[in-house]
$ cat upload38.csv   # CSV, C-alpha atoms
chain,number,residue,atom,x,y,z
I,1,MET,CA,-19.6,-26.4,-34.1
I,2,THR,CA,-19.1,-26.8,-37.7
I,3,PRO,CA,-18.7,-23.9,-40.2
I,4,GLU,CA,-21.7,-25.0,-42.2
I,5,HIS,CA,-23.9,-24.2,-39.2
I,6,ALA,CA,-22.4,-20.8,-38.6
I,7,ASP,CA,-24.8,-19.1,-41.2
I,8,ALA,CA,-28.0,-20.4,-39.5
I,9,THR,CA,-30.2,-17.5,-38.4
I,10,ASN,CA,-31.0,-18.8,-34.9
I,11,GLY,CA,-29.7,-21.3,-32.4
I,12,TYR,CA,-31.5,-23.0,-29.6
I,13,LEU,CA,-30.0,-23.0,-26.1
I,14,GLN,CA,-31.2,-25.5,-23.6
I,15,THR,CA,-30.1,-24.8,-20.0
I,16,ILE,CA,-31.2,-26.4,-16.8
I,17,GLY,CA,-33.3,-24.1,-14.6
I,18,ARG,CA,-31.3,-23.0,-11.6
I,19,VAL,CA,-34.5,-23.1,-9.4
I,20,SER,CA,-36.7,-25.7,-11.1
I,21,GLY,CA,-34.0,-28.1,-12.3
I,22,GLN,CA,-36.0,-28.5,-15.5
I,23,PRO,CA,-34.8,-28.0,-19.0
I,24,HIS,CA,-35.3,-24.4,-20.3
I,25,GLU,CA,-34.9,-23.6,-24.0
I,26,ILE,CA,-34.6,-20.3,-25.8
I,27,GLU,CA,-34.2,-19.3,-29.4
I,28,ILE,CA,-31.2,-16.9,-29.8
I,29,TRP,CA,-28.9,-15.1,-32.2
I,30,PHE,CA,-25.4,-16.4,-32.2
I,31,ALA,CA,-22.1,-16.3,-34.1
I,32,VAL,CA,-19.4,-18.9,-34.3
I,33,ASP,CA,-15.7,-17.9,-34.0
I,34,ARG,CA,-12.8,-20.3,-33.6
I,35,GLY,CA,-15.2,-23.1,-32.9
I,36,VAL,CA,-17.0,-21.3,-30.1
I,37,ALA,CA,-20.6,-20.0,-30.2
I,38,TYR,CA,-21.0,-16.5,-28.9
I,39,LEU,CA,-24.3,-15.1,-27.6
I,40,LEU,CA,-25.1,-11.6,-26.4
I,41,SER,CA,-27.5,-10.9,-23.5
I,42,GLY,CA,-29.2,-7.6,-23.9
I,43,SER,CA,-30.3,-7.7,-20.3
I,44,GLY,CA,-26.6,-7.4,-19.2
I,45,GLY,CA,-26.5,-11.0,-18.2
I,46,ASN,CA,-29.6,-11.0,-16.0
I,47,SER,CA,-31.8,-13.1,-18.2
I,48,ASP,CA,-32.8,-16.6,-16.9
I,49,TRP,CA,-30.6,-18.3,-19.5
I,50,CYS,CA,-27.6,-16.3,-18.3
I,51,ARG,CA,-28.3,-17.1,-14.6
I,52,ASN,CA,-28.9,-20.7,-15.5
I,53,LEU,CA,-25.5,-21.0,-17.1
I,54,ASP,CA,-23.9,-19.3,-14.1
I,55,ALA,CA,-25.4,-21.9,-11.9
I,56,ASN,CA,-24.8,-24.9,-14.2
I,57,ALA,CA,-22.5,-24.4,-17.2
I,58,ALA,CA,-23.5,-27.7,-18.8
I,59,ALA,CA,-26.0,-27.0,-21.6
I,60,GLU,CA,-27.0,-28.0,-25.2
I,61,PHE,CA,-26.9,-25.7,-28.2
I,62,THR,CA,-28.8,-26.8,-31.3
I,63,ILE,CA,-28.2,-25.4,-34.8
I,64,ASP,CA,-30.0,-26.7,-37.8
I,65,ASP,CA,-31.2,-29.8,-35.9
I,66,THR,CA,-27.7,-30.7,-34.7
I,67,ALA,CA,-27.3,-30.6,-31.0
I,68,TYR,CA,-23.9,-29.8,-29.4
I,69,PRO,CA,-23.1,-30.4,-25.7
I,70,VAL,CA,-21.5,-27.2,-24.5
I,71,LEU,CA,-20.2,-25.5,-21.4
I,72,GLY,CA,-21.5,-21.9,-21.1
I,73,ARG,CA,-19.6,-19.1,-19.5
I,74,ARG,CA,-19.6,-15.3,-19.2
I,75,VAL,CA,-16.8,-13.8,-21.2
I,76,ASP,CA,-14.6,-11.8,-18.9
I,77,ASP,CA,-11.5,-11.3,-21.0
I,78,PRO,CA,-11.8,-7.9,-22.8
I,79,ASP,CA,-10.2,-9.1,-26.0
I,80,GLU,CA,-12.5,-12.1,-26.2
I,81,ALA,CA,-15.5,-10.0,-25.3
I,82,ALA,CA,-14.7,-7.6,-28.1
I,83,ARG,CA,-14.4,-10.5,-30.5
I,84,ALA,CA,-17.7,-12.0,-29.4
I,85,ARG,CA,-19.5,-8.7,-29.7
I,86,ARG,CA,-18.0,-8.0,-33.2
I,87,ALA,CA,-18.9,-11.5,-34.4
I,88,VAL,CA,-22.5,-11.4,-33.4
I,89,PHE,CA,-23.0,-7.8,-34.5
I,90,ASP,CA,-21.3,-8.4,-37.9
I,91,LYS,CA,-23.6,-11.4,-38.5
I,92,TYR,CA,-26.9,-9.7,-37.7
I,93,SER,CA,-26.4,-6.0,-38.4
I,94,GLU,CA,-27.4,-6.2,-42.1
I,95,ARG,CA,-30.0,-8.9,-41.6
I,96,TYR,CA,-31.8,-7.0,-38.8
I,97,GLY,CA,-32.1,-3.7,-40.6
I,98,GLY,CA,-32.1,-1.7,-37.4
I,99,ASP,CA,-29.4,-0.1,-35.3
I,100,LEU,CA,-27.7,-2.7,-33.2
I,101,VAL,CA,-24.7,-0.6,-32.1
I,102,GLU,CA,-26.0,0.1,-28.5
I,103,TRP,CA,-27.0,-3.5,-28.1
I,104,ARG,CA,-23.6,-4.7,-29.2
I,105,ASP,CA,-21.8,-2.3,-26.9
I,106,THR,CA,-23.9,-2.9,-23.8
I,107,SER,CA,-24.8,-6.6,-24.0
I,108,ALA,CA,-23.1,-9.2,-21.8
I,109,PRO,CA,-21.2,-11.7,-24.0
I,110,PHE,CA,-21.4,-15.4,-23.3
I,111,ALA,CA,-19.4,-18.2,-24.8
I,112,LEU,CA,-20.5,-21.8,-25.5
I,113,ASP,CA,-17.5,-24.0,-25.6
I,114,PRO,CA,-18.2,-27.4,-27.3
I,115,ILE,CA,-17.5,-30.4,-25.1
I,116,LYS,CA,-15.2,-32.8,-27.0
I,117,ALA,CA,-16.4,-36.4,-27.1
I,118,SER,CA,-14.1,-38.7,-25.2
I,119,ARG,CA,-12.8,-41.8,-27.0
$ encode --input "upload38.csv" --output "structure tokens"
Amino acid sequence: MTPEHADATNGYLQTIGRVSGQPHEIEIWFAVDRGVAYLLSGSGGNSDWCRNLDANAAAEFTIDDTAYPVLGRRVDDPDEAARARRAVFDKYSERYGGDLVEWRDTSAPFALDPIKASR
């Protein structure tokens, strides 16, 4: 994901439904750090999109009409989880205007790793 897309307000994550097998798209807040898009699940990772990524990591993430093939994963590493939470929180805390501290601290972090095109 390119730096010029990092300031976009929303991204669009398309997963494959774990039950239906059909594409499922959501609009979601995100932050890009070190070329990885990070998302936070306020449901603690129980949302459909989270469970869809658990069942099938292959997904597509669209920012400003640019679609990126990605592999989604739950972030288990504590250092990476803290970085993900901080990146998303820092991006939206002033834009949102409300208190996002509890959301930051209790959300399940997910990473979308870009799939490199083979040559």
$ closest_residue --input "upload38.csv" --among "I:Ala31, I:Ala55, I:Leu40, I:Val75" --to "I:Glu102" --atoms "only C-alpha atoms"
I:Leu40
$ residues_around --input "upload38.csv" --residues "I:Leu13" --least-positions-apart "6" --cutoff "10 Å" --atoms "all atoms listed in the file" --output "VMD selection string"
chain I and resid 23 to 28 39 49 59 to 63 67 to 68 70 72 112
$ residues_around --input "upload38.csv" --residues "I:Leu53" --least-positions-apart "2" --cutoff "10 Å" --atoms "all atoms listed in the file" --output "PyMOL selection string"
chain I and resi 14-18+48-51+55-59+71-74+110+112
$ atom_distance --input "upload38.csv" --atom1 "atom CA of I:Arg85" --atom2 "atom CA of I:Ile115"
22.3 Å
$ atom_distance --input "upload38.csv" --atom1 "atom CA of I:Gly44" --atom2 "atom CA of I:Arg86"
16.4 Å
$ atom_distance --input "upload38.csv" --atom1 "atom CA of I:Val88" --atom2 "atom CA of I:Glu4"
16.2 Å
$ closest_residue --input "upload38.csv" --among "I:Phe30, I:Thr66, I:Ala8, I:Ala82" --to "I:Thr106" --atoms "all atoms listed in the file"
I:Ala82
$ closest_residue --input "upload38.csv" --among "I:Asp7, I:Gly35, I:Tyr12, I:Trp29" --to "I:Tyr96" --atoms "all atoms listed in the file"
I:Trp29
$ closest_residue --input "upload38.csv" --among "I:Phe89, I:Asn52, I:Pro109, I:Gly97" --to "I:Val19" --atoms "all atoms listed in the file"
I:Asn52
$ closest_residue --input "upload38.csv" --among "I:Gly42, I:Ala37, I:Asp77, I:Arg104" --to "I:Asp90" --atoms "all atoms listed in the file"
I:Arg104
